[in-house]
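Before any comments, here is the structure.
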Amino acid sequence: MPEAPVLAQLDLEIRGLRKRYGGFVAVDGVSLKIAKGQFVCLLGPSGCGKTTTLRCIAGLEEPDDGDILIGGREVTGDPPWQRDIAMMFQDFALFPHMTVGKQVGFGLEMLKRPKPEITKRVTEVLRAFEIDRFADRKPASLSGGQRQRVALARAMITEPRLLLLDEPIGALDYALREAVMIELKMLQRRSGISFIWVTHDQNEAFSLGDHVVVMNHARIEQQGTPEEILQRPRSPFVAGFVQGNNVFHGNVARIAGDAALIATPFGEFAVPLRDTVPLLGAIASFSVRAERLRPMPPEPGCNHLTLTCRTIEYFGSIRRYILERGDGEVMKLDQFGAEPACLIPGEVATVGWRAEDGVLHEGAPS
Ligand SMILES: Nc1ncnc2c1ncn2[C@@H]1O[C@H](COP(=O)(O)OP(=O)(O)OP(=O)(O)O)[C@@H](O)[C@H]1O
């Protein structure tokens with residue numbers, strides 16, 4: 001595809017973003033392209049630089065280096081109100097003395113839109129977010145979920161190109177979250193506004209994101225669709241951070257055809273090569289997803305090891321067997337709960353997976 005039309009479609013482009021606080025580097029060379037109308041999740045452990053990245057996009061922090069383009073326009077030096085963005089924070093930052101109707105119209109008032117237009121849009125938006133019956137109430141008298149809808153309505157009424165959300169449902173109780181997530185995803189789809197959603201919760205990121213950006217220590221470790229990140233983790237960090245992976249560390253013992261043989265303290269395992277061929281003896285790591293494992297006798301084309309089943313956990317429709325390896329580390333084997341149980345606690349079993357289901361990582365183990 002030619003380059004120019006693709007770039008014209010981008011809602012956001014970040015090139016080599018860096019932000020330091022004194023001697024501490026909070027964001028280190030982050031680059032990102034977001035196509036039109038995407039739901040993007042910035043995912044990573046606490047302190048990895050997600051919020052700082054978001055605040056740089058918003059214009060609330062001045063980067064030390066790098067460029068930020070919104071809708072193809074360079075905005076790196078622009079104040080927040082000239083960036084075609086809106087923000088929503090975990091505490092919603094509602095104005096306590098303003099009625100719901102006033103809060104929702106606030107952005108349009110700031111843009112000095114004509115009064116009749118503001119009244120009409122506020123009425124429409126209050127209705128769309130199903131908060132019209134609270135129009136004259138103040139935030140203190142609303143529930144968490146209702147306050148969240150007010151904050152969203154207020155953020156979206158100006159139809160910004162980007163909506164930046166920092167842990168927006170972190171304060172909601174667990175039971176409400178799923179419903180709110182579905183609602184938000186549908187809203188995002190209907191509005192066509194790109195959402196950039198910061199979270200440390202991978203369930204949120206993988207349920208909502210079209211594009212997930214995994215950060216660690218101020219850098220992007222991997223970005224892609226949820227499927228790519230879940231099925232093809234690029235680094236030991238991503239594999240370990242994402243639920244449901246079994247991670248192995250070892251050294252490259254041999255290259256055999258299109259597979260590397262990785263020697264670990266509890267056996268040698270064949271893993272398909274990725275883009276580059278690792279050096280013999282190099283430190284290497286790979287992962288295999290818990291749902292790829294099953295109890296099986298040794299079979300050609302498969303890897304095996306002997307494990308002890310310690311316990312069984314239940315995750316909705318998944319039965320997860322916690323298995324102990326020779327070195328005391330645990331491994332996970334997932335089975336669909338509708339099938340008959342394949343192991344019982346205390347059982348010693350040979351467990352295996354097809355060699356092609358292993359995923360070799362690109363970085364050295366951290
Ligand atoms: N104003 C500041 N002054 C000094 N250090 C800061 C400042 N803001 C952030 N940091 C540091 O920068 C690092 C990245 O912070 P940031 O808030 O971006 O992380 P995060 O990934 O959003 O984490 P969390 O999920 O805990 O909010 C942290 O170590 C934080 O302590």
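By convention in this document, the chains of the structure tokens carry letters A, B, ... by their order, each chain's residues are numbered from 1, and ligands are numbered from 1 in the order they are shown.
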Nearby residues (only C-alpha atoms) at most 8 Å from A:Gly244, same-chain spacing under 5 positions excluded, as a VMD selection string | chain A and resid 289 to 291 332
Chain A near ligand 1 within 10 Å: what's each residue's closest atom pair and its distance in Å to one decimal, counting only C-alpha atoms and all ligand atoms, ordered by chain then ascending residue number, as a tab-separated table?
```
residue	atom	partner	partner_atom_place_in_ligand_line	distance
A:Lys19	CA	ligand 1	12 (O)	8.7
A:Arg20	CA	ligand 1	12 (O)	7.9
A:Tyr21	CA	ligand 1	4 (C)	4.8
A:Gly22	CA	ligand 1	4 (C)	7.3
A:Gly23	CA	ligand 1	4 (C)	9.3
A:Phe24	CA	ligand 1	5 (N)	7.1
A:Val25	CA	ligand 1	12 (O)	7.1
A:Ala26	CA	ligand 1	12 (O)	4.3
A:Val27	CA	ligand 1	14 (C)	7.2
A:Leu42	CA	ligand 1	21 (O)	8.7
A:Leu43	CA	ligand 1	21 (O)	8.0
A:Gly44	CA	ligand 1	21 (O)	6.3
A:Pro45	CA	ligand 1	25 (O)	6.0
A:Ser46	CA	ligand 1	26 (O)	3.5
A:Gly47	CA	ligand 1	19 (O)	3.4
A:Cys48	CA	ligand 1	21 (O)	3.8
A:Gly49	CA	ligand 1	18 (O)	3.2
A:Lys50	CA	ligand 1	21 (O)	3.9
A:Thr51	CA	ligand 1	22 (O)	3.6
A:Thr52	CA	ligand 1	18 (O)	3.6
A:Thr53	CA	ligand 1	18 (O)	6.3
A:Leu54	CA	ligand 1	18 (O)	7.9
A:Arg55	CA	ligand 1	18 (O)	8.2
A:Cys56	CA	ligand 1	18 (O)	9.8
A:Glu61	CA	ligand 1	1 (N)	8.8
A:Asp166	CA	ligand 1	22 (O)	8.2
A:Glu167	CA	ligand 1	25 (O)	8.1
A:Val198	CA	ligand 1	22 (O)	7.3
A:Thr199	CA	ligand 1	25 (O)	6.7
A:His200	CA	ligand 1	25 (O)	5.8
A:Asp201	CA	ligand 1	25 (O)	9.4
A:Met215	CA	ligand 1	21 (O)	7.7
A:Asn216	CA	ligand 1	21 (O)	8.1
A:His217	CA	ligand 1	14 (C)	8.2
A:Ala218	CA	ligand 1	14 (C)	7.0
```
Test item: residues at most 10 Å from A:Gly107, only C-alpha atoms, excluding those fewer than 6 positions along its chain, as a list in words =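 The contact residues come out as Ala86, Arg113, Ile118, Arg154, Ala155, Met156, Ile157, Thr158 and Glu159 of chain A.
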Residues near stretch 246-248 of chain A, cut-off 8 Å, only C-alpha atoms, skip fewer than 4 positions along chain, as number ranges by chain = A: 236, 239-240, 264, 285-290, 331-332
Output for the residues just chosen: N, CA and C atoms as a tab-separated table (two decimals), in the first residue's frame:
```
chain	number	residue	atom	x	y	z
A	236	PRO	N	10.61	-12.77	26.82
A	236	PRO	CA	10.25	-13.51	28.05
A	236	PRO	C	9.40	-12.66	28.97
A	239	ALA	N	5.82	-12.88	27.66
A	239	ALA	CA	5.29	-14.24	27.89
A	239	ALA	C	4.96	-14.44	29.37
A	240	GLY	N	5.81	-13.92	30.24
A	240	GLY	CA	5.59	-14.10	31.68
A	240	GLY	C	4.47	-13.20	32.20
A	264	THR	N	17.36	-27.25	28.63
A	264	THR	CA	16.97	-26.66	29.92
A	264	THR	C	17.36	-27.67	31.01
A	285	SER	N	14.98	-18.37	25.48
A	285	SER	CA	13.77	-18.72	26.23
A	285	SER	C	12.63	-18.93	25.25
A	286	PHE	N	11.68	-19.70	25.67
A	286	PHE	CA	10.50	-19.91	24.84
A	286	PHE	C	9.30	-20.11	25.75
A	287	SER	N	8.12	-20.05	25.14
A	287	SER	CA	6.92	-20.28	25.95
A	287	SER	C	5.96	-21.17	25.20
A	288	VAL	N	5.09	-21.78	25.95
A	288	VAL	CA	4.02	-22.58	25.36
A	288	VAL	C	2.77	-22.32	26.18
A	289	ARG	N	1.68	-22.06	25.49
A	289	ARG	CA	0.46	-21.69	26.19
A	289	ARG	C	-0.15	-22.90	26.91
A	290	ALA	N	-0.78	-22.60	28.04
A	290	ALA	CA	-1.32	-23.67	28.89
A	290	ALA	C	-2.33	-24.54	28.15
A	331	MET	N	3.92	-25.25	36.35
A	331	MET	CA	3.45	-25.07	34.98
A	331	MET	C	1.93	-25.17	35.01
A	332	LYS	N	1.31	-24.67	33.93
A	332	LYS	CA	-0.15	-24.66	33.87
A	332	LYS	C	-0.62	-25.42	32.64
```
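Counting only C-alpha atoms, the residue from A:Trp81, A:Phe39, A:Phe266, A:Tyr174 that sits nearest to A:Thr306 is A:Phe266.
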